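The file coords_11.txt comes next; it holds compact mmCIF, N, CA and C atoms.
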```
# COMPACT_ATOMS: atom_id res chain seq x y z
N MET A 6 -34.42 82.03 96.29
CA MET A 6 -33.40 81.32 97.01
C MET A 6 -33.41 79.86 96.57
N TYR A 7 -32.25 79.24 96.57
CA TYR A 7 -32.15 77.89 96.05
C TYR A 7 -32.74 76.84 96.99
N LEU A 8 -32.84 77.14 98.29
CA LEU A 8 -33.33 76.16 99.26
C LEU A 8 -34.39 76.82 100.13
N ASP A 9 -35.64 76.69 99.72
CA ASP A 9 -36.73 77.26 100.51
C ASP A 9 -37.35 76.18 101.37
N SER A 10 -38.32 76.56 102.16
CA SER A 10 -38.92 75.62 103.11
C SER A 10 -39.64 74.47 102.41
N ALA A 11 -40.20 74.72 101.25
CA ALA A 11 -40.89 73.65 100.51
C ALA A 11 -39.89 72.59 100.05
N LYS A 12 -38.73 73.02 99.58
CA LYS A 12 -37.70 72.08 99.13
C LYS A 12 -37.16 71.28 100.32
N LYS A 13 -36.96 71.94 101.47
CA LYS A 13 -36.50 71.24 102.66
C LYS A 13 -37.51 70.18 103.08
N LYS A 14 -38.79 70.56 103.08
CA LYS A 14 -39.83 69.63 103.48
C LYS A 14 -39.87 68.42 102.55
N GLU A 15 -39.68 68.67 101.27
CA GLU A 15 -39.65 67.59 100.29
C GLU A 15 -38.48 66.63 100.57
N LEU A 16 -37.31 67.19 100.88
CA LEU A 16 -36.15 66.35 101.21
C LEU A 16 -36.39 65.54 102.47
N PHE A 17 -36.98 66.18 103.49
CA PHE A 17 -37.23 65.50 104.75
C PHE A 17 -38.27 64.38 104.58
N GLU A 18 -39.28 64.61 103.74
CA GLU A 18 -40.28 63.57 103.50
C GLU A 18 -39.69 62.39 102.74
N LYS A 19 -38.81 62.69 101.79
CA LYS A 19 -38.25 61.63 100.96
C LYS A 19 -37.23 60.78 101.72
N TYR A 20 -36.35 61.42 102.48
CA TYR A 20 -35.26 60.69 103.12
C TYR A 20 -35.45 60.48 104.62
N GLY A 21 -36.28 61.28 105.25
CA GLY A 21 -36.52 61.13 106.68
C GLY A 21 -37.73 60.27 106.95
N LYS A 22 -38.26 60.42 108.15
CA LYS A 22 -39.44 59.63 108.53
C LYS A 22 -40.73 60.39 108.27
N GLY A 23 -40.64 61.65 107.88
CA GLY A 23 -41.81 62.46 107.60
C GLY A 23 -41.40 63.88 107.27
N GLY A 24 -42.36 64.74 107.02
CA GLY A 24 -42.08 66.12 106.65
C GLY A 24 -41.48 66.95 107.76
N THR A 25 -41.71 66.54 109.01
CA THR A 25 -41.18 67.30 110.14
C THR A 25 -39.98 66.63 110.77
N ASP A 26 -39.49 65.56 110.18
CA ASP A 26 -38.35 64.83 110.73
C ASP A 26 -37.06 65.50 110.27
N THR A 27 -36.60 66.49 111.04
CA THR A 27 -35.40 67.22 110.66
C THR A 27 -34.17 66.72 111.40
N GLY A 28 -34.33 65.83 112.35
CA GLY A 28 -33.21 65.44 113.18
C GLY A 28 -32.58 64.11 112.85
N SER A 29 -33.22 63.31 112.01
CA SER A 29 -32.63 62.01 111.71
C SER A 29 -31.38 62.19 110.86
N PRO A 30 -30.40 61.31 111.02
CA PRO A 30 -29.17 61.44 110.24
C PRO A 30 -29.42 61.38 108.74
N GLU A 31 -30.37 60.56 108.31
CA GLU A 31 -30.64 60.44 106.88
C GLU A 31 -31.13 61.76 106.28
N SER A 32 -32.03 62.44 106.98
CA SER A 32 -32.56 63.69 106.45
C SER A 32 -31.49 64.78 106.46
N GLN A 33 -30.65 64.80 107.49
CA GLN A 33 -29.58 65.79 107.54
C GLN A 33 -28.54 65.54 106.45
N ILE A 34 -28.21 64.28 106.21
CA ILE A 34 -27.26 63.93 105.16
C ILE A 34 -27.81 64.34 103.80
N ALA A 35 -29.09 64.13 103.57
CA ALA A 35 -29.72 64.52 102.31
C ALA A 35 -29.68 66.03 102.13
N LEU A 36 -29.97 66.76 103.20
CA LEU A 36 -29.93 68.22 103.13
C LEU A 36 -28.52 68.71 102.84
N PHE A 37 -27.54 68.15 103.55
CA PHE A 37 -26.15 68.54 103.32
C PHE A 37 -25.71 68.21 101.90
N SER A 38 -26.14 67.07 101.37
CA SER A 38 -25.77 66.68 100.00
C SER A 38 -26.34 67.65 98.99
N PHE A 39 -27.58 68.09 99.21
CA PHE A 39 -28.19 69.08 98.32
C PHE A 39 -27.40 70.38 98.34
N ARG A 40 -27.05 70.83 99.55
CA ARG A 40 -26.29 72.07 99.68
C ARG A 40 -24.89 71.94 99.09
N ILE A 41 -24.27 70.78 99.26
CA ILE A 41 -22.93 70.55 98.71
C ILE A 41 -22.95 70.61 97.19
N SER A 42 -23.95 70.01 96.58
CA SER A 42 -24.03 70.05 95.11
C SER A 42 -24.26 71.47 94.61
N HIS A 43 -25.06 72.25 95.34
CA HIS A 43 -25.29 73.64 94.94
C HIS A 43 -24.00 74.46 95.06
N LEU A 44 -23.28 74.31 96.16
CA LEU A 44 -22.05 75.06 96.34
C LEU A 44 -20.96 74.63 95.36
N THR A 45 -20.95 73.36 95.00
CA THR A 45 -19.98 72.89 94.01
C THR A 45 -20.21 73.55 92.66
N GLU A 46 -21.46 73.64 92.26
CA GLU A 46 -21.79 74.32 91.00
C GLU A 46 -21.41 75.80 91.06
N HIS A 47 -21.63 76.44 92.21
CA HIS A 47 -21.26 77.84 92.37
C HIS A 47 -19.76 78.02 92.24
N LEU A 48 -18.99 77.10 92.83
CA LEU A 48 -17.53 77.24 92.80
C LEU A 48 -16.95 76.93 91.42
N LYS A 49 -17.67 76.19 90.60
CA LYS A 49 -17.19 75.95 89.24
C LYS A 49 -17.18 77.25 88.44
N LYS A 50 -18.16 78.12 88.75
CA LYS A 50 -18.24 79.41 88.05
C LYS A 50 -17.41 80.49 88.73
N ASN A 51 -17.30 80.43 90.06
CA ASN A 51 -16.60 81.46 90.84
C ASN A 51 -15.46 80.82 91.63
N HIS A 52 -14.39 80.49 90.94
CA HIS A 52 -13.33 79.74 91.58
C HIS A 52 -12.50 80.54 92.59
N LYS A 53 -12.66 81.84 92.62
CA LYS A 53 -11.91 82.65 93.59
C LYS A 53 -12.71 82.96 94.86
N ASP A 54 -13.86 82.39 94.99
CA ASP A 54 -14.72 82.62 96.16
C ASP A 54 -14.26 81.70 97.30
N HIS A 55 -13.30 82.19 98.08
CA HIS A 55 -12.67 81.36 99.10
C HIS A 55 -13.57 81.12 100.31
N SER A 56 -14.44 82.05 100.63
CA SER A 56 -15.33 81.83 101.78
C SER A 56 -16.34 80.72 101.49
N THR A 57 -16.81 80.66 100.26
CA THR A 57 -17.71 79.58 99.88
C THR A 57 -16.97 78.25 99.84
N GLU A 58 -15.72 78.28 99.43
CA GLU A 58 -14.91 77.06 99.43
C GLU A 58 -14.73 76.52 100.84
N ARG A 59 -14.52 77.42 101.79
CA ARG A 59 -14.38 77.00 103.18
C ARG A 59 -15.70 76.43 103.71
N ALA A 60 -16.81 77.08 103.38
CA ALA A 60 -18.12 76.59 103.81
C ALA A 60 -18.40 75.21 103.21
N LEU A 61 -18.00 74.99 101.96
CA LEU A 61 -18.18 73.70 101.32
C LEU A 61 -17.38 72.62 102.05
N LYS A 62 -16.14 72.92 102.40
CA LYS A 62 -15.31 71.95 103.11
C LYS A 62 -15.89 71.63 104.48
N MET A 63 -16.47 72.62 105.14
CA MET A 63 -17.08 72.38 106.45
C MET A 63 -18.32 71.50 106.30
N LEU A 64 -19.12 71.73 105.26
CA LEU A 64 -20.31 70.90 105.03
C LEU A 64 -19.94 69.46 104.70
N VAL A 65 -18.89 69.29 103.92
CA VAL A 65 -18.44 67.93 103.60
C VAL A 65 -17.99 67.22 104.86
N GLY A 66 -17.32 67.94 105.77
CA GLY A 66 -16.90 67.35 107.03
C GLY A 66 -18.08 66.97 107.92
N LYS A 67 -19.08 67.83 107.96
CA LYS A 67 -20.28 67.52 108.74
C LYS A 67 -20.98 66.28 108.20
N ARG A 68 -21.10 66.22 106.88
CA ARG A 68 -21.76 65.06 106.27
C ARG A 68 -20.94 63.79 106.53
N ARG A 69 -19.62 63.91 106.47
CA ARG A 69 -18.75 62.76 106.72
C ARG A 69 -18.91 62.25 108.15
N ARG A 70 -18.99 63.18 109.12
CA ARG A 70 -19.18 62.77 110.51
C ARG A 70 -20.53 62.10 110.72
N LEU A 71 -21.58 62.62 110.08
CA LEU A 71 -22.90 61.98 110.19
C LEU A 71 -22.91 60.60 109.54
N LEU A 72 -22.23 60.46 108.41
CA LEU A 72 -22.15 59.16 107.77
C LEU A 72 -21.37 58.17 108.63
N ASP A 73 -20.30 58.62 109.26
CA ASP A 73 -19.54 57.75 110.16
C ASP A 73 -20.39 57.32 111.34
N TYR A 74 -21.17 58.24 111.88
CA TYR A 74 -22.06 57.93 113.00
C TYR A 74 -23.08 56.87 112.58
N LEU A 75 -23.70 57.09 111.43
CA LEU A 75 -24.72 56.16 110.95
C LEU A 75 -24.11 54.78 110.66
N LYS A 76 -22.90 54.76 110.16
CA LYS A 76 -22.21 53.50 109.89
C LYS A 76 -21.93 52.74 111.18
N ARG A 77 -21.59 53.48 112.23
CA ARG A 77 -21.31 52.87 113.54
C ARG A 77 -22.59 52.33 114.17
N ILE A 78 -23.68 53.08 114.07
CA ILE A 78 -24.93 52.73 114.73
C ILE A 78 -25.66 51.61 114.00
N GLU A 79 -25.92 51.82 112.71
CA GLU A 79 -26.69 50.82 111.95
C GLU A 79 -26.23 50.82 110.50
N ILE A 80 -25.52 49.78 110.12
CA ILE A 80 -24.87 49.71 108.81
C ILE A 80 -25.87 49.65 107.66
N GLU A 81 -27.02 49.07 107.87
CA GLU A 81 -28.01 48.96 106.79
C GLU A 81 -28.59 50.32 106.41
N ARG A 82 -28.86 51.15 107.41
CA ARG A 82 -29.35 52.52 107.13
C ARG A 82 -28.28 53.30 106.38
N TYR A 83 -27.02 53.11 106.76
CA TYR A 83 -25.89 53.77 106.08
C TYR A 83 -25.85 53.35 104.61
N ARG A 84 -25.94 52.06 104.37
CA ARG A 84 -25.87 51.56 102.99
C ARG A 84 -27.04 52.06 102.15
N SER A 85 -28.22 52.14 102.76
CA SER A 85 -29.38 52.59 101.99
C SER A 85 -29.30 54.07 101.62
N ILE A 86 -28.82 54.91 102.55
CA ILE A 86 -28.73 56.34 102.24
C ILE A 86 -27.62 56.62 101.23
N ILE A 87 -26.53 55.85 101.29
CA ILE A 87 -25.46 56.00 100.31
C ILE A 87 -25.97 55.63 98.92
N LYS A 88 -26.74 54.56 98.85
CA LYS A 88 -27.27 54.11 97.57
C LYS A 88 -28.30 55.09 97.02
N GLU A 89 -29.18 55.59 97.88
CA GLU A 89 -30.22 56.52 97.43
C GLU A 89 -29.64 57.83 96.91
N LEU A 90 -28.65 58.36 97.63
CA LEU A 90 -28.08 59.65 97.25
C LEU A 90 -26.99 59.52 96.19
N GLY A 91 -26.48 58.32 96.00
CA GLY A 91 -25.43 58.13 95.00
C GLY A 91 -24.12 58.77 95.42
N ILE A 92 -23.81 58.73 96.70
CA ILE A 92 -22.59 59.37 97.19
C ILE A 92 -21.35 58.54 96.82
N ARG A 93 -21.44 57.23 96.96
CA ARG A 93 -20.34 56.33 96.62
C ARG A 93 -20.66 55.59 95.34
N LYS A 94 -19.65 55.05 94.74
CA LYS A 94 -19.85 54.29 93.52
C LYS A 94 -19.99 52.83 93.80
```

Give the structure from this file in structure tokens form.
Amino acid sequence: MYLDSAKKKELFEKYGKGGTDTGSPESQIALFSFRISHLTEHLKKNHKDHSTERALKMLVGKRRRLLDYLKRIEIERYRSIIKELGIRK
């Protein structure tokens, strides 16, 4: 599987406050970004997979809402996660 527990823990340690920090917006945004990149690659090969396309759009919306929340709460954390993940140019 492309996303096992070891990979999740690595993402949470890198972007969250620790290996068990699954609830912070930064760690969730990082997890969603990883999943979005995987689904994007899948859709490049399987362009008729409409259910995956819908799931990708839902994930992008979730990540957008979390980013909006983080921007509202603390702008510096928002800027740092955007820079680390390379979401914006």

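The spacing separating CA of Glu15 (chain A) from CA of Leu61 (chain A) amounts to 22.3 Å.
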
DSSP on the backbone: which residues in chain A end up as alpha helix (DSSP H)? Give the answer as a ChimeraX atom specification.
/A:10-20,30-50,55-78,80-90

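For the atom pair formed by atom C of Thr25 (chain A) and atom N of Lys62 (chain A), the distance is 26.0 Å, given to one decimal.
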
Taking (-36.1, 61.8, 106.3) in the file's coordinates, which residues come within 12 Å, counting only C-alpha atoms, written as a PyMOL selection string?
chain A and resi 13-36+82+86+89

So which one's closest to Leu90 (chain A), A:Arg59, A:Leu44, A:Leu72, A:Ser38? Using only N, CA and C atoms, please.
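That would be A:Ser38, the residue with the smallest distance to Leu90 (chain A).
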
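In terms of minimum interatomic distance to Arg40 (chain A), A:Leu64 ranks closest within A:Ile80, A:Arg70, A:Ser56, A:Leu64, counting only N, CA and C atoms.
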
I'd like the interatomic distance between atom N of Met63 (chain A) and atom N of Ile41 (chain A), to a tenth of an Å.
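Distance reported for this atom pair: 9.9 Å.
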
With distances taken over only C-alpha atoms, which of A:Lys12, A:Met6, A:Ser85, A:Phe37 is nearest to Gly66 (chain A)?
A:Phe37

Block slice region 52-66 of chain A, all heavy atoms, emitted as a JSON list (two decimals), in the first residue's frame:
```
[["chain", "number", "residue", "atom", "x", "y", "z"],
["A", 52, "HIS", "N", -7.34, 8.14, -16.69],
["A", 52, "HIS", "CA", -8.13, 9.36, -16.77],
["A", 52, "HIS", "C", -9.65, 9.13, -16.74],
["A", 52, "HIS", "O", -10.40, 10.07, -16.55],
["A", 52, "HIS", "CB", -7.75, 10.17, -18.01],
["A", 52, "HIS", "CG", -8.04, 9.47, -19.30],
["A", 52, "HIS", "ND1", -7.19, 8.51, -19.82],
["A", 52, "HIS", "CD2", -9.08, 9.57, -20.15],
["A", 52, "HIS", "CE1", -7.71, 8.06, -20.94],
["A", 52, "HIS", "NE2", -8.84, 8.68, -21.17],
["A", 53, "LYS", "N", -10.08, 7.90, -16.89],
["A", 53, "LYS", "CA", -11.53, 7.62, -16.85],
["A", 53, "LYS", "C", -12.02, 7.17, -15.47],
["A", 53, "LYS", "O", -13.17, 6.81, -15.33],
["A", 53, "LYS", "CB", -11.88, 6.56, -17.89],
["A", 53, "LYS", "CG", -11.75, 7.04, -19.32],
["A", 53, "LYS", "CD", -12.27, 6.02, -20.28],
["A", 53, "LYS", "CE", -12.18, 6.53, -21.69],
["A", 53, "LYS", "NZ", -12.75, 5.56, -22.64],
["A", 54, "ASP", "N", -11.16, 7.20, -14.50],
["A", 54, "ASP", "CA", -11.51, 6.78, -13.14],
["A", 54, "ASP", "C", -12.21, 7.94, -12.42],
["A", 54, "ASP", "O", -11.59, 8.74, -11.73],
["A", 54, "ASP", "CB", -10.25, 6.35, -12.39],
["A", 54, "ASP", "CG", -10.55, 5.68, -11.08],
["A", 54, "ASP", "OD1", -11.73, 5.62, -10.71],
["A", 54, "ASP", "OD2", -9.60, 5.22, -10.43],
["A", 55, "HIS", "N", -13.52, 8.02, -12.59],
["A", 55, "HIS", "CA", -14.28, 9.17, -12.09],
["A", 55, "HIS", "C", -14.44, 9.15, -10.58],
["A", 55, "HIS", "O", -14.52, 10.20, -9.95],
["A", 55, "HIS", "CB", -15.64, 9.25, -12.77],
["A", 55, "HIS", "CG", -15.52, 9.43, -14.26],
["A", 55, "HIS", "ND1", -14.99, 10.57, -14.82],
["A", 55, "HIS", "CD2", -15.83, 8.60, -15.29],
["A", 55, "HIS", "CE1", -14.99, 10.44, -16.14],
["A", 55, "HIS", "NE2", -15.49, 9.26, -16.45],
["A", 56, "SER", "N", -14.48, 7.99, -9.96],
["A", 56, "SER", "CA", -14.63, 7.95, -8.51],
["A", 56, "SER", "C", -13.36, 8.47, -7.82],
["A", 56, "SER", "O", -13.43, 9.17, -6.81],
["A", 56, "SER", "CB", -14.96, 6.54, -8.03],
["A", 56, "SER", "OG", -13.94, 5.64, -8.37],
["A", 57, "THR", "N", -12.21, 8.16, -8.38],
["A", 57, "THR", "CA", -10.97, 8.69, -7.84],
["A", 57, "THR", "C", -10.87, 10.19, -8.07],
["A", 57, "THR", "O", -10.37, 10.93, -7.22],
["A", 57, "THR", "CB", -9.76, 7.98, -8.48],
["A", 57, "THR", "OG1", -9.87, 6.58, -8.22],
["A", 57, "THR", "CG2", -8.45, 8.48, -7.91],
["A", 58, "GLU", "N", -11.38, 10.64, -9.20],
["A", 58, "GLU", "CA", -11.40, 12.08, -9.48],
["A", 58, "GLU", "C", -12.25, 12.83, -8.45],
["A", 58, "GLU", "O", -11.87, 13.89, -7.95],
["A", 58, "GLU", "CB", -11.94, 12.32, -10.88],
["A", 58, "GLU", "CG", -11.90, 13.75, -11.33],
["A", 58, "GLU", "CD", -12.42, 13.93, -12.74],
["A", 58, "GLU", "OE1", -12.73, 12.92, -13.42],
["A", 58, "GLU", "OE2", -12.53, 15.09, -13.16],
["A", 59, "ARG", "N", -13.38, 12.24, -8.10],
["A", 59, "ARG", "CA", -14.25, 12.85, -7.09],
["A", 59, "ARG", "C", -13.56, 12.86, -5.72],
["A", 59, "ARG", "O", -13.59, 13.86, -5.00],
["A", 59, "ARG", "CB", -15.56, 12.09, -6.99],
["A", 59, "ARG", "CG", -16.51, 12.67, -5.96],
["A", 59, "ARG", "CD", -17.83, 11.89, -5.95],
["A", 59, "ARG", "NE", -18.78, 12.53, -5.06],
["A", 59, "ARG", "CZ", -18.91, 12.27, -3.77],
["A", 59, "ARG", "NH1", -18.11, 11.37, -3.19],
["A", 59, "ARG", "NH2", -19.80, 12.89, -3.04],
["A", 60, "ALA", "N", -12.91, 11.76, -5.37],
["A", 60, "ALA", "CA", -12.19, 11.69, -4.10],
["A", 60, "ALA", "C", -11.06, 12.72, -4.05],
["A", 60, "ALA", "O", -10.83, 13.36, -3.01],
["A", 60, "ALA", "CB", -11.62, 10.29, -3.89],
["A", 61, "LEU", "N", -10.38, 12.93, -5.18],
["A", 61, "LEU", "CA", -9.32, 13.92, -5.24],
["A", 61, "LEU", "C", -9.88, 15.33, -5.02],
["A", 61, "LEU", "O", -9.31, 16.12, -4.26],
["A", 61, "LEU", "CB", -8.61, 13.84, -6.59],
["A", 61, "LEU", "CG", -7.55, 14.90, -6.87],
["A", 61, "LEU", "CD1", -6.39, 14.75, -5.90],
["A", 61, "LEU", "CD2", -7.04, 14.77, -8.29],
["A", 62, "LYS", "N", -11.00, 15.63, -5.64],
["A", 62, "LYS", "CA", -11.62, 16.95, -5.46],
["A", 62, "LYS", "C", -12.05, 17.16, -4.02],
["A", 62, "LYS", "O", -11.92, 18.27, -3.47],
["A", 62, "LYS", "CB", -12.82, 17.10, -6.39],
["A", 62, "LYS", "CG", -12.43, 17.26, -7.83],
["A", 62, "LYS", "CD", -13.66, 17.33, -8.72],
["A", 62, "LYS", "CE", -13.27, 17.41, -10.19],
["A", 62, "LYS", "NZ", -14.45, 17.41, -11.06],
["A", 63, "MET", "N", -12.54, 16.12, -3.37],
["A", 63, "MET", "CA", -12.95, 16.24, -1.98],
["A", 63, "MET", "C", -11.73, 16.47, -1.08],
["A", 63, "MET", "O", -11.78, 17.27, -0.14],
["A", 63, "MET", "CB", -13.72, 15.00, -1.54],
["A", 63, "MET", "CG", -15.09, 14.92, -2.17],
["A", 63, "MET", "SD", -15.95, 13.37, -1.91],
["A", 63, "MET", "CE", -16.00, 13.26, -0.16],
["A", 64, "LEU", "N", -10.62, 15.79, -1.36],
["A", 64, "LEU", "CA", -9.40, 15.98, -0.57],
["A", 64, "LEU", "C", -8.83, 17.39, -0.74],
["A", 64, "LEU", "O", -8.37, 18.00, 0.22],
["A", 64, "LEU", "CB", -8.33, 14.97, -1.00],
["A", 64, "LEU", "CG", -8.31, 13.64, -0.29],
["A", 64, "LEU", "CD1", -7.24, 12.75, -0.89],
["A", 64, "LEU", "CD2", -8.08, 13.80, 1.17],
["A", 65, "VAL", "N", -8.89, 17.89, -1.97],
["A", 65, "VAL", "CA", -8.41, 19.25, -2.21],
["A", 65, "VAL", "C", -9.26, 20.25, -1.43],
["A", 65, "VAL", "O", -8.75, 21.20, -0.84],
["A", 65, "VAL", "CB", -8.41, 19.57, -3.72],
["A", 65, "VAL", "CG1", -8.17, 21.04, -3.98],
["A", 65, "VAL", "CG2", -7.35, 18.74, -4.43],
["A", 66, "GLY", "N", -10.57, 20.01, -1.37],
["A", 66, "GLY", "CA", -11.46, 20.88, -0.60],
["A", 66, "GLY", "C", -11.18, 20.83, 0.89],
["A", 66, "GLY", "O", -11.17, 21.86, 1.57]]
```
